[in-house]
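Here is the file structure.txt (compact mmCIF, C-alpha atoms).
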# COMPACT_ATOMS: atom_id res chain seq x y z
CA MET J 1326 -12.87 1.99 3.32
CA GLY J 1327 -13.98 5.53 4.15
CA MET J 1328 -17.61 4.50 4.60
CA TRP J 1329 -16.55 1.49 6.72
CA ALA J 1330 -14.35 3.59 9.00
CA ALA J 1331 -16.82 6.42 9.48
CA GLY J 1332 -19.66 3.96 10.08
CA LEU J 1333 -17.93 2.08 12.91
CA PRO J 1334 -19.54 4.11 15.74
CA ALA J 1335 -23.01 3.36 14.33
CA LEU J 1336 -22.11 -0.33 13.96
CA ASP J 1337 -20.87 -0.34 17.55
CA ASP J 1338 -24.16 1.17 18.76
CA ARG J 1339 -26.35 -1.13 16.65
CA LEU J 1340 -24.79 -4.35 17.90
CA GLY J 1341 -23.73 -3.11 21.36
CA LEU J 1342 -20.16 -4.23 20.82
CA GLY J 1343 -17.90 -2.19 23.10
CA ALA J 1344 -14.23 -1.46 22.44
CA ALA J 1345 -12.99 -5.04 22.94
CA ARG J 1346 -15.50 -6.78 20.64
CA LEU J 1347 -15.21 -4.02 18.05
CA GLY J 1348 -11.44 -4.50 18.18
CA THR J 1349 -11.89 -8.25 17.65
CA ALA J 1350 -14.04 -7.63 14.58
CA LEU J 1351 -11.30 -5.37 13.19
CA LEU J 1352 -8.78 -8.10 13.94
CA PHE J 1353 -10.73 -10.49 11.72
CA VAL J 1354 -10.58 -7.92 8.92
CA SER J 1355 -6.80 -8.14 9.23
CA PHE J 1356 -6.91 -11.96 9.31
CA GLY J 1357 -8.85 -12.00 6.05
CA ALA J 1358 -6.44 -9.58 4.39
CA LEU J 1359 -3.36 -11.49 5.50
CA ILE J 1360 -4.90 -14.72 4.17
CA SER J 1361 -5.53 -13.28 0.70
CA MET J 1362 -2.44 -11.06 0.28
CA PRO J 1363 0.09 -13.86 -0.41
CA ILE J 1364 -2.39 -15.38 -2.87
CA ALA J 1365 -2.78 -12.00 -4.60
CA GLY J 1366 0.99 -11.62 -4.88
CA ARG J 1367 1.38 -15.00 -6.54
CA LEU J 1368 -1.51 -14.29 -8.90
CA CYS J 1369 0.05 -10.94 -9.89
CA ASP J 1370 3.36 -12.66 -10.67
CA ARG J 1371 1.62 -15.34 -12.72
CA TRP J 1372 -1.11 -13.42 -14.54
CA SER J 1373 -0.16 -9.69 -14.13
CA SER J 1374 -1.50 -7.12 -11.71
CA ARG J 1375 -4.15 -5.99 -14.20
CA ALA J 1376 -5.63 -9.49 -14.32
CA VAL J 1377 -6.00 -9.42 -10.53
CA CYS J 1378 -7.18 -5.80 -10.22
CA VAL J 1379 -10.11 -6.08 -12.62
CA PRO J 1380 -12.08 -8.75 -10.67
CA ALA J 1381 -10.69 -7.83 -7.24
CA GLY J 1382 -12.12 -4.30 -7.31
CA PRO J 1383 -15.81 -5.20 -7.58
CA LEU J 1384 -15.36 -8.22 -5.28
CA CYS J 1385 -13.75 -6.04 -2.62
CA ALA J 1386 -16.56 -3.48 -2.83
CA LEU J 1387 -19.33 -6.11 -2.65
CA SER J 1388 -17.68 -7.81 0.32
CA LEU J 1389 -18.53 -4.72 2.41
CA ILE J 1390 -22.16 -5.90 2.39
CA CYS J 1391 -21.24 -8.83 4.66
CA PRO J 1392 -20.30 -6.83 7.79
CA ALA J 1393 -22.81 -4.08 6.95
CA LEU J 1394 -25.81 -6.42 7.20
CA ALA J 1395 -24.49 -8.59 10.03
CA PRO J 1396 -27.38 -9.12 12.51
CA SER J 1397 -25.19 -10.31 15.38
CA TYR J 1398 -21.64 -10.30 16.68
CA GLY J 1399 -20.97 -13.81 15.36
CA THR J 1400 -22.04 -13.00 11.82
CA LEU J 1401 -20.12 -9.72 12.01
CA ILE J 1402 -16.93 -11.72 12.63
CA LEU J 1403 -17.57 -13.82 9.51
CA GLY J 1404 -18.47 -10.73 7.47
CA ALA J 1405 -15.33 -8.94 8.65
CA LEU J 1406 -13.23 -11.92 7.52
CA VAL J 1407 -14.77 -11.84 4.03
CA PHE J 1408 -14.35 -8.05 3.81
CA GLY J 1409 -10.69 -8.39 4.82
CA MET J 1410 -10.06 -11.00 2.13
CA GLY J 1411 -11.45 -8.62 -0.49
CA LEU J 1412 -9.24 -5.81 0.82
CA GLY J 1413 -6.14 -8.01 0.72
CA LEU J 1414 -6.64 -8.98 -2.90
CA LEU J 1415 -7.17 -5.43 -4.06
CA GLU J 1416 -4.46 -3.75 -1.97
CA ILE J 1417 -1.68 -6.00 -3.26
CA ALA J 1418 -2.86 -5.79 -6.87
CA MET J 1419 -3.18 -1.99 -6.76
CA ASN J 1420 0.25 -1.40 -5.22
CA VAL J 1421 2.04 -3.76 -7.61
CA HIS J 1422 0.31 -2.06 -10.53
CA ALA J 1423 1.17 1.41 -9.21
CA VAL J 1424 4.86 0.50 -9.03
CA GLU J 1425 4.70 -0.80 -12.62
CA VAL J 1426 3.18 2.51 -13.75
CA GLU J 1427 5.77 4.61 -11.89
CA ARG J 1428 8.61 2.63 -13.48
CA ARG J 1429 7.29 3.63 -16.91
CA HIS J 1430 6.74 7.29 -15.96
CA PRO J 1431 9.43 9.98 -16.27
CA LYS J 1432 9.07 11.16 -12.65
CA PRO J 1433 7.76 9.96 -9.25
CA ILE J 1434 3.97 9.57 -9.08
CA LEU J 1435 3.34 6.85 -6.48
CA SER J 1436 2.27 9.30 -3.78
CA ALA J 1437 -0.46 10.65 -6.07
CA PHE J 1438 -1.96 7.16 -6.37
CA HIS J 1439 -2.15 6.93 -2.58
CA GLY J 1440 -3.59 10.43 -2.57
CA VAL J 1441 -6.54 9.39 -4.73
CA TRP J 1442 -7.11 6.44 -2.37
CA SER J 1443 -7.20 8.92 0.53
CA LEU J 1444 -9.62 11.08 -1.46
CA GLY J 1445 -12.03 8.16 -1.38
CA GLY J 1446 -11.59 7.92 2.39
CA ALA J 1447 -12.37 11.60 2.84
CA ALA J 1448 -15.43 11.35 0.60
CA GLY J 1449 -16.66 8.29 2.49
CA GLY J 1450 -16.34 10.04 5.84
CA ALA J 1451 -18.11 13.15 4.58
CA LEU J 1452 -20.94 11.14 2.98
CA THR J 1453 -21.43 9.14 6.19
CA ALA J 1454 -21.61 12.30 8.31
CA ALA J 1455 -24.09 13.89 5.87
CA GLY J 1456 -26.21 10.73 5.70
CA LEU J 1457 -26.40 10.35 9.48
CA HIS J 1458 -27.30 14.04 9.80
CA ALA J 1459 -30.10 13.47 7.28
CA GLY J 1460 -31.36 10.46 9.22
CA ILE J 1461 -30.25 7.78 6.75
CA GLY J 1462 -29.31 4.54 8.45
CA SER J 1463 -25.67 3.43 8.45
CA GLN J 1464 -26.59 -0.02 7.09
CA ARG J 1465 -28.36 1.43 4.09
CA MET J 1466 -25.43 3.73 3.31
CA LEU J 1467 -22.91 0.88 3.47
CA VAL J 1468 -24.96 -1.32 1.13
CA VAL J 1469 -25.34 1.52 -1.38
CA ALA J 1470 -21.60 2.24 -1.15
CA ALA J 1471 -20.79 -1.42 -1.82
CA LEU J 1472 -23.00 -1.60 -4.90
CA ALA J 1473 -21.86 1.78 -6.24
CA GLY J 1474 -18.19 0.94 -5.67
CA ALA J 1475 -18.50 -2.32 -7.60
CA VAL J 1476 -20.01 -0.55 -10.61
CA LEU J 1477 -17.78 2.55 -10.55
CA PHE J 1478 -14.61 0.47 -10.50
CA LEU J 1479 -15.20 -1.02 -13.93
CA PRO J 1480 -14.85 1.98 -16.34
CA PRO J 1481 -11.33 3.07 -15.22
CA ALA J 1482 -10.22 -0.57 -15.04
CA ARG J 1483 -10.14 -0.56 -18.85
CA TRP J 1484 -7.20 1.87 -18.73
CA LEU J 1485 -4.89 -0.29 -16.63
CA LEU J 1486 -1.59 -1.36 -18.14
CA PRO J 1487 -1.87 -4.38 -20.43
CA GLY J 1488 -1.20 -7.69 -18.74
CA ALA J 1489 2.51 -7.96 -19.42
CA ALA J 1490 5.17 -9.39 -17.13
CA GLY J 1491 5.19 -8.97 -13.38
CA PRO J 1492 6.72 -6.28 -11.16
CA GLY J 1493 10.17 -6.47 -12.65
CA ALA J 1494 9.09 -5.74 -16.19
CA GLY J 1495 10.15 -2.73 -18.14
CA THR J 1496 12.96 -1.51 -15.90
CA GLU J 1497 15.66 -1.47 -18.57
CA ALA J 1498 13.83 1.08 -20.71
CA GLU J 1499 13.35 3.69 -17.96
CA PRO J 1500 16.48 5.75 -17.31
CA HIS J 1501 15.00 7.35 -14.17
CA VAL J 1502 14.87 4.02 -12.34
CA LYS J 1503 17.73 3.54 -9.88
CA THR J 1504 19.05 0.06 -9.33
CA ALA J 1505 20.13 -0.65 -5.77
CA PRO J 1506 23.55 -2.27 -5.43
CA ARG J 1507 23.52 -5.98 -4.84
CA ARG J 1508 24.43 -6.67 -1.26
CA VAL J 1509 24.18 -9.65 1.04
CA GLY J 1510 22.13 -7.72 3.60
CA LEU J 1511 19.51 -6.48 1.14
CA TRP J 1512 16.75 -8.62 2.58
CA ARG J 1513 17.59 -7.58 6.12
CA LEU J 1514 17.25 -4.00 4.90
CA VAL J 1515 13.90 -4.79 3.29
CA LEU J 1516 12.69 -6.27 6.57
CA PHE J 1517 13.90 -3.18 8.42
CA LEU J 1518 11.97 -0.95 6.02
CA GLY J 1519 9.03 -3.26 6.63
CA THR J 1520 9.05 -2.12 10.26
CA ILE J 1521 8.91 1.51 9.08
CA VAL J 1522 5.91 0.74 6.87
CA PHE J 1523 4.34 -1.26 9.71
CA ALA J 1524 4.66 1.76 12.02
CA GLY J 1525 3.25 4.12 9.37
CA HIS J 1526 0.31 1.91 8.49
CA LEU J 1527 -0.50 1.21 12.14
CA SER J 1528 -0.63 4.95 12.74
CA GLU J 1529 -2.89 5.31 9.68
CA GLY J 1530 -5.11 2.51 10.93
CA ALA J 1531 -5.43 4.18 14.32
CA ALA J 1532 -6.86 7.26 12.62
CA LEU J 1533 -8.94 5.22 10.19
CA ASP J 1534 -10.74 3.16 12.83
CA TRP J 1535 -10.53 5.21 16.03
CA ALA J 1536 -10.64 8.93 15.14
CA ALA J 1537 -14.46 9.01 15.03
CA VAL J 1538 -14.77 6.79 18.13
CA HIS J 1539 -12.30 9.02 20.02
CA ALA J 1540 -14.35 12.10 19.15
CA ARG J 1541 -17.56 10.45 20.34
CA ASP J 1542 -16.37 8.70 23.49
CA VAL J 1543 -13.53 10.93 24.73
CA LEU J 1544 -14.49 14.37 23.40
CA GLU J 1545 -18.28 13.81 23.71
CA ALA J 1546 -19.05 14.81 20.12
CA GLY J 1547 -22.50 14.08 18.70
CA PRO J 1548 -23.13 11.21 16.24
CA ALA J 1549 -23.23 13.56 13.24
CA VAL J 1550 -20.07 15.45 14.30
CA ALA J 1551 -17.89 12.54 15.43
CA PRO J 1552 -17.13 11.21 11.90
CA LEU J 1553 -15.69 14.62 10.96
CA ALA J 1554 -12.52 13.79 12.92
CA PHE J 1555 -11.71 11.11 10.37
CA THR J 1556 -12.78 13.40 7.54
CA VAL J 1557 -10.33 16.13 8.64
CA TYR J 1558 -7.54 13.56 8.79
CA SER J 1559 -8.41 12.17 5.35
CA VAL J 1560 -8.62 15.59 3.69
CA ALA J 1561 -5.20 16.56 5.07
CA MET J 1562 -3.66 13.25 4.01
CA THR J 1563 -5.21 13.45 0.55
CA THR J 1564 -3.96 16.98 -0.08
CA VAL J 1565 -0.39 16.21 0.92
CA ARG J 1566 -0.28 12.90 -0.95
CA LEU J 1567 -1.36 14.61 -4.14
CA LEU J 1568 1.56 17.03 -3.67
CA GLY J 1569 3.96 14.57 -2.06
CA ASP J 1570 5.79 13.52 -5.22
CA GLY J 1571 7.01 17.07 -5.76
CA LEU J 1572 8.09 17.28 -2.12
CA ARG J 1573 10.06 14.05 -2.43
CA ASP J 1574 11.68 15.29 -5.64
CA ARG J 1575 12.85 18.49 -3.87
CA LEU J 1576 13.88 17.17 -0.46
CA GLY J 1577 14.84 13.62 -1.28
CA ALA J 1578 13.28 10.50 0.18
CA ALA J 1579 15.31 10.44 3.40
CA ARG J 1580 14.60 14.05 4.36
CA THR J 1581 10.95 13.64 3.45
CA ILE J 1582 10.44 10.61 5.68
CA ARG J 1583 12.16 12.31 8.65
CA LEU J 1584 9.99 15.42 8.34
CA SER J 1585 6.88 13.29 7.89
CA GLY J 1586 7.49 11.29 11.05
CA LEU J 1587 8.06 14.42 13.14
CA VAL J 1588 4.87 16.12 11.90
CA ALA J 1589 2.77 12.99 12.47
CA ALA J 1590 4.13 12.58 16.01
CA ALA J 1591 3.22 16.22 16.74
CA GLY J 1592 -0.30 15.56 15.44
CA TYR J 1593 -0.86 12.61 17.76
CA ALA J 1594 0.47 14.70 20.65
CA LEU J 1595 -2.27 17.29 19.97
CA VAL J 1596 -4.93 14.55 19.83
CA LEU J 1597 -3.81 13.29 23.24
CA LEU J 1598 -3.85 16.83 24.68
CA ALA J 1599 -7.31 17.66 23.29
CA PRO J 1600 -9.40 16.36 26.26
CA VAL J 1601 -7.75 18.84 28.66
CA THR J 1602 -8.31 21.91 26.48
CA GLY J 1603 -11.92 22.52 27.55
CA GLY J 1604 -14.26 24.02 24.98
CA ALA J 1605 -11.57 23.97 22.32
CA ARG J 1606 -11.13 20.22 22.56
CA LEU J 1607 -12.74 19.38 19.23
CA GLY J 1608 -10.74 22.04 17.40
CA VAL J 1609 -7.49 20.90 19.00
CA ALA J 1610 -8.25 17.27 18.12
CA TRP J 1611 -9.09 18.18 14.53
CA ALA J 1612 -5.81 20.11 14.28
CA GLY J 1613 -4.01 17.04 15.61
CA TRP J 1614 -5.68 14.68 13.17
CA ALA J 1615 -4.87 17.11 10.34
CA LEU J 1616 -1.18 17.15 11.32
CA ALA J 1617 -1.20 13.36 11.61
CA GLY J 1618 -2.64 13.13 8.10
CA VAL J 1619 -0.03 15.57 6.76
CA GLY J 1620 2.82 13.62 8.34
CA LEU J 1621 1.65 10.12 7.47
CA ALA J 1622 0.76 11.03 3.88
CA THR J 1623 4.14 10.40 2.29
CA ILE J 1624 5.73 7.74 4.54
CA VAL J 1625 4.32 4.66 2.83
CA PRO J 1626 4.62 5.99 -0.76
CA VAL J 1627 8.27 6.94 -0.15
CA VAL J 1628 9.18 3.46 1.11
CA PHE J 1629 7.13 1.64 -1.54
CA SER J 1630 8.76 3.69 -4.29
CA ALA J 1631 12.26 3.08 -2.92
CA VAL J 1632 11.70 -0.67 -2.72
CA GLY J 1633 9.98 -0.80 -6.12
CA ALA J 1634 12.88 1.05 -7.78
CA ALA J 1635 15.51 -1.22 -6.24
CA GLY J 1636 15.49 -3.65 -9.17
CA GLY J 1637 16.37 -7.33 -8.96
CA THR J 1638 13.94 -8.99 -6.58
CA ALA J 1639 11.92 -5.79 -6.16
CA GLY J 1640 8.61 -7.54 -6.79
CA ARG J 1641 9.11 -10.03 -3.97
CA ALA J 1642 10.53 -7.28 -1.74
CA LEU J 1643 7.53 -5.05 -2.39
CA SER J 1644 5.17 -7.87 -1.46
CA THR J 1645 7.06 -8.40 1.79
CA VAL J 1646 7.00 -4.72 2.73
CA THR J 1647 3.33 -4.49 1.80
CA MET J 1648 2.53 -7.40 4.10
CA PHE J 1649 4.29 -5.61 6.94
CA GLY J 1650 2.34 -2.46 6.17
CA TYR J 1651 -1.10 -3.93 6.07
CA ALA J 1652 -0.42 -6.04 9.12
CA GLY J 1653 -0.02 -2.70 10.88
CA LEU J 1654 -2.97 -1.05 9.13
CA LEU J 1655 -5.41 -3.85 9.84
CA GLY J 1656 -3.88 -5.48 12.91
CA GLY J 1657 -2.94 -2.36 14.87
CA PRO J 1658 -6.45 -0.95 15.43
CA PRO J 1659 -7.72 -4.14 17.12
CA VAL J 1660 -4.75 -4.03 19.50
CA ILE J 1661 -5.59 -0.40 20.25
CA GLY J 1662 -9.20 -1.43 20.91
CA HIS J 1663 -8.25 -4.10 23.44
CA LEU J 1664 -5.75 -1.80 25.13
CA ALA J 1665 -8.39 0.94 25.27
CA ASP J 1666 -10.80 -1.49 26.89
CA ALA J 1667 -8.18 -2.41 29.50
CA THR J 1668 -6.99 1.17 30.13
CA SER J 1669 -8.31 4.11 28.10
CA LEU J 1670 -8.50 5.15 24.47
CA PRO J 1671 -6.19 8.19 24.90
CA LEU J 1672 -3.52 5.96 26.44
CA ALA J 1673 -3.90 3.45 23.60
CA LEU J 1674 -3.52 6.24 21.01
CA ALA J 1675 -0.12 7.05 22.48
CA ILE J 1676 1.20 3.95 20.65
CA PRO J 1677 0.94 5.44 17.13
CA GLY J 1678 2.47 8.68 18.42
CA VAL J 1679 5.55 6.80 19.62
CA LEU J 1680 5.73 4.86 16.34
CA CYS J 1681 5.71 8.10 14.36
CA ALA J 1682 8.72 9.25 16.36
CA TYR J 1683 10.40 5.93 15.51
CA ILE J 1684 9.79 6.59 11.80
CA ALA J 1685 11.45 10.01 12.06
CA ALA J 1686 14.47 8.54 13.85
CA ALA J 1687 15.02 5.30 11.89
CA GLY J 1688 13.43 5.85 8.47
CA PRO J 1689 16.09 8.05 6.83
CA ALA J 1690 18.88 5.53 7.48
CA GLY J 1691 16.91 2.71 5.85
CA ILE J 1692 16.06 4.79 2.78
CA ARG J 1693 19.68 5.90 2.32
CA ALA J 1694 20.97 2.35 2.69
CA LEU J 1695 18.59 1.07 -0.01
CA ALA J 1696 19.36 3.82 -2.51
CA PRO J 1697 22.47 3.73 -4.69
CA PRO J 1698 25.38 5.95 -3.62
CA GLY J 1699 24.91 9.58 -4.47
CA PRO J 1700 23.58 12.87 -3.11
CA GLU J 1701 19.96 13.61 -2.37
CA PRO J 1702 17.86 15.01 -5.27
CA ALA J 1703 17.84 18.48 -3.67
CA VAL J 1704 21.65 18.51 -3.80
CA ARG J 1705 21.78 17.25 -7.39
CA SER J 1706 19.29 19.81 -8.76
CA SER J 1707 21.99 22.17 -10.05
CA VAL J 1708 23.72 19.28 -11.83
CA ARG J 1709 20.47 18.31 -13.54
CA ALA J 1710 19.86 21.90 -14.57
Written form, structure tokens:
Amino acid sequence: MGMWAAGLPALDDRLGLGAARLGTALLFVSFGALISMPIAGRLCDRWSSRAVCVPAGPLCALSLICPALAPSYGTLILGALVFGMGLGLLEIAMNVHAVEVERRHPKPILSAFHGVWSLGGAAGGALTAAGLHAGIGSQRMLVVAALAGAVLFLPPARWLLPGAAGPGAGTEAEPHVKTAPRRVGLWRLVLFLGTIVFAGHLSEGAALDWAAVHARDVLEAGPAVAPLAFTVYSVAMTTVRLLGDGLRDRLGAARTIRLSGLVAAAGYALVLLAPVTGGARLGVAWAGWALAGVGLATIVPVVFSAVGAAGGTAGRALSTVTMFGYAGLLGGPPVIGHLADATSLPLALAIPGVLCAYIAAAGPAGIRALAPPGPEPAVRSSVRA
């Protein structure tokens, strides 16, 4: 994903796409993912998440070859659809498996899993920038990344949990798991939290697919420097996600999601202000993308963990929330592309900034409503001690 995102400006130049056609190609990535995600969820329930993860990883990596080698806009659309289907299979299987692991672990760890995913994004952006600086073609780098990803996925796949029951397995043995009270409006609450995840993932997708393009087109950065905007964002997100479980344990989920939304909104505000800051525009934009990465880092893990720990129909609820999230991640950037083509990219990037403010305002209430009655972890610390 990191190589794909950082290579979008080069793909745009090679095929002469423009913002609207590039946005349409990204939309077909989302179509492919949304086609395969429900299938992946059913396969996880039937065969276990491990059984889906093991083949989905290499297939997802190899599917990147399709858009990378596309010789025309028409074949790019088909390649984007195939790539999206690979992403959908793997994303659902990984998140279901991560929730299963956290349920068996003595403390929260879901954010760390997302942090390692972000680490791959940061590495992909940095490798793309270094390769372009060295004169290596974007197509060649994407093909190598696809082949390497398929091979490197296999060794750690051996360590996945054995293929036991689906998402609801093992909850009785873990005392740290909280069971949400049964209530008639539970599914309405899940759908509400889906809008929070949608907003968070759309804001992530805006950075994923448009940070490098914004640096090139709006801030006039060179082709080797432009991908660094995404790299800065990914490094910040990775760092905070690796530490986010401790933050959630100290502040509680509701306080964490409020703080995260506020910081991310401030980051997007800096990105929008960057063009008017003269010679400091790249530095201001990088600071904004870093703040956006810091803020967005824990939003999705906090919600996923809360839904996964709810018990009962948590597996089905997690699949629903995940669908909301990746609809935003993969569907939001194309909308931004078409809006940028009709107006301007800075105006289009105001959308994720507003959505981050929505997360800060609405997220805490949804988290508190899902959790069982009781004080936040920060308040209970003395009792635990």
(request) Select all residues near (-2.1, 12.6, -9.3) (cut-off 12 Å, inclusive, file coordinates), counting all atoms listed in the file, and output them as a PyMOL selection string. (result) chain J and resi 1423+1427+1432-1444+1563-1571
(request) Compile the contact shell of Val1550 of chain J as a PyMOL selection string: residues with an atom at most 10 Å away, counting only C-alpha atoms, same-chain residues fewer than 5 positions apart removed. (result) chain J and resi 1454-1455+1457-1458+1537+1540-1541+1545+1607
(message) I'd like the neighbourhood of segment 1653-1663 of chain J as a PyMOL selection string, where a residue qualifies if any of its atoms comes within 6 Å (using only C-alpha atoms), though same-chain residues fewer than 4 positions away should be ignored.
(response) chain J and resi 1344-1345+1348-1349+1351-1352+1355+1523+1526-1527+1530-1531+1673
(message) Please compute the atom CA of Tyr1558 of chain J-atom CA of Gly1613 of chain J distance, one decimal, in Å.
(response) 8.4 Å
(message) My list of candidates is J:Pro1334, J:Leu1403, J:Ile1390, J:Met1328. Which is closest to Val1538 of chain J when distances are computed with only C-alpha atoms?
(response)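 So, comparing all the options, the nearest one is J:Pro1334.
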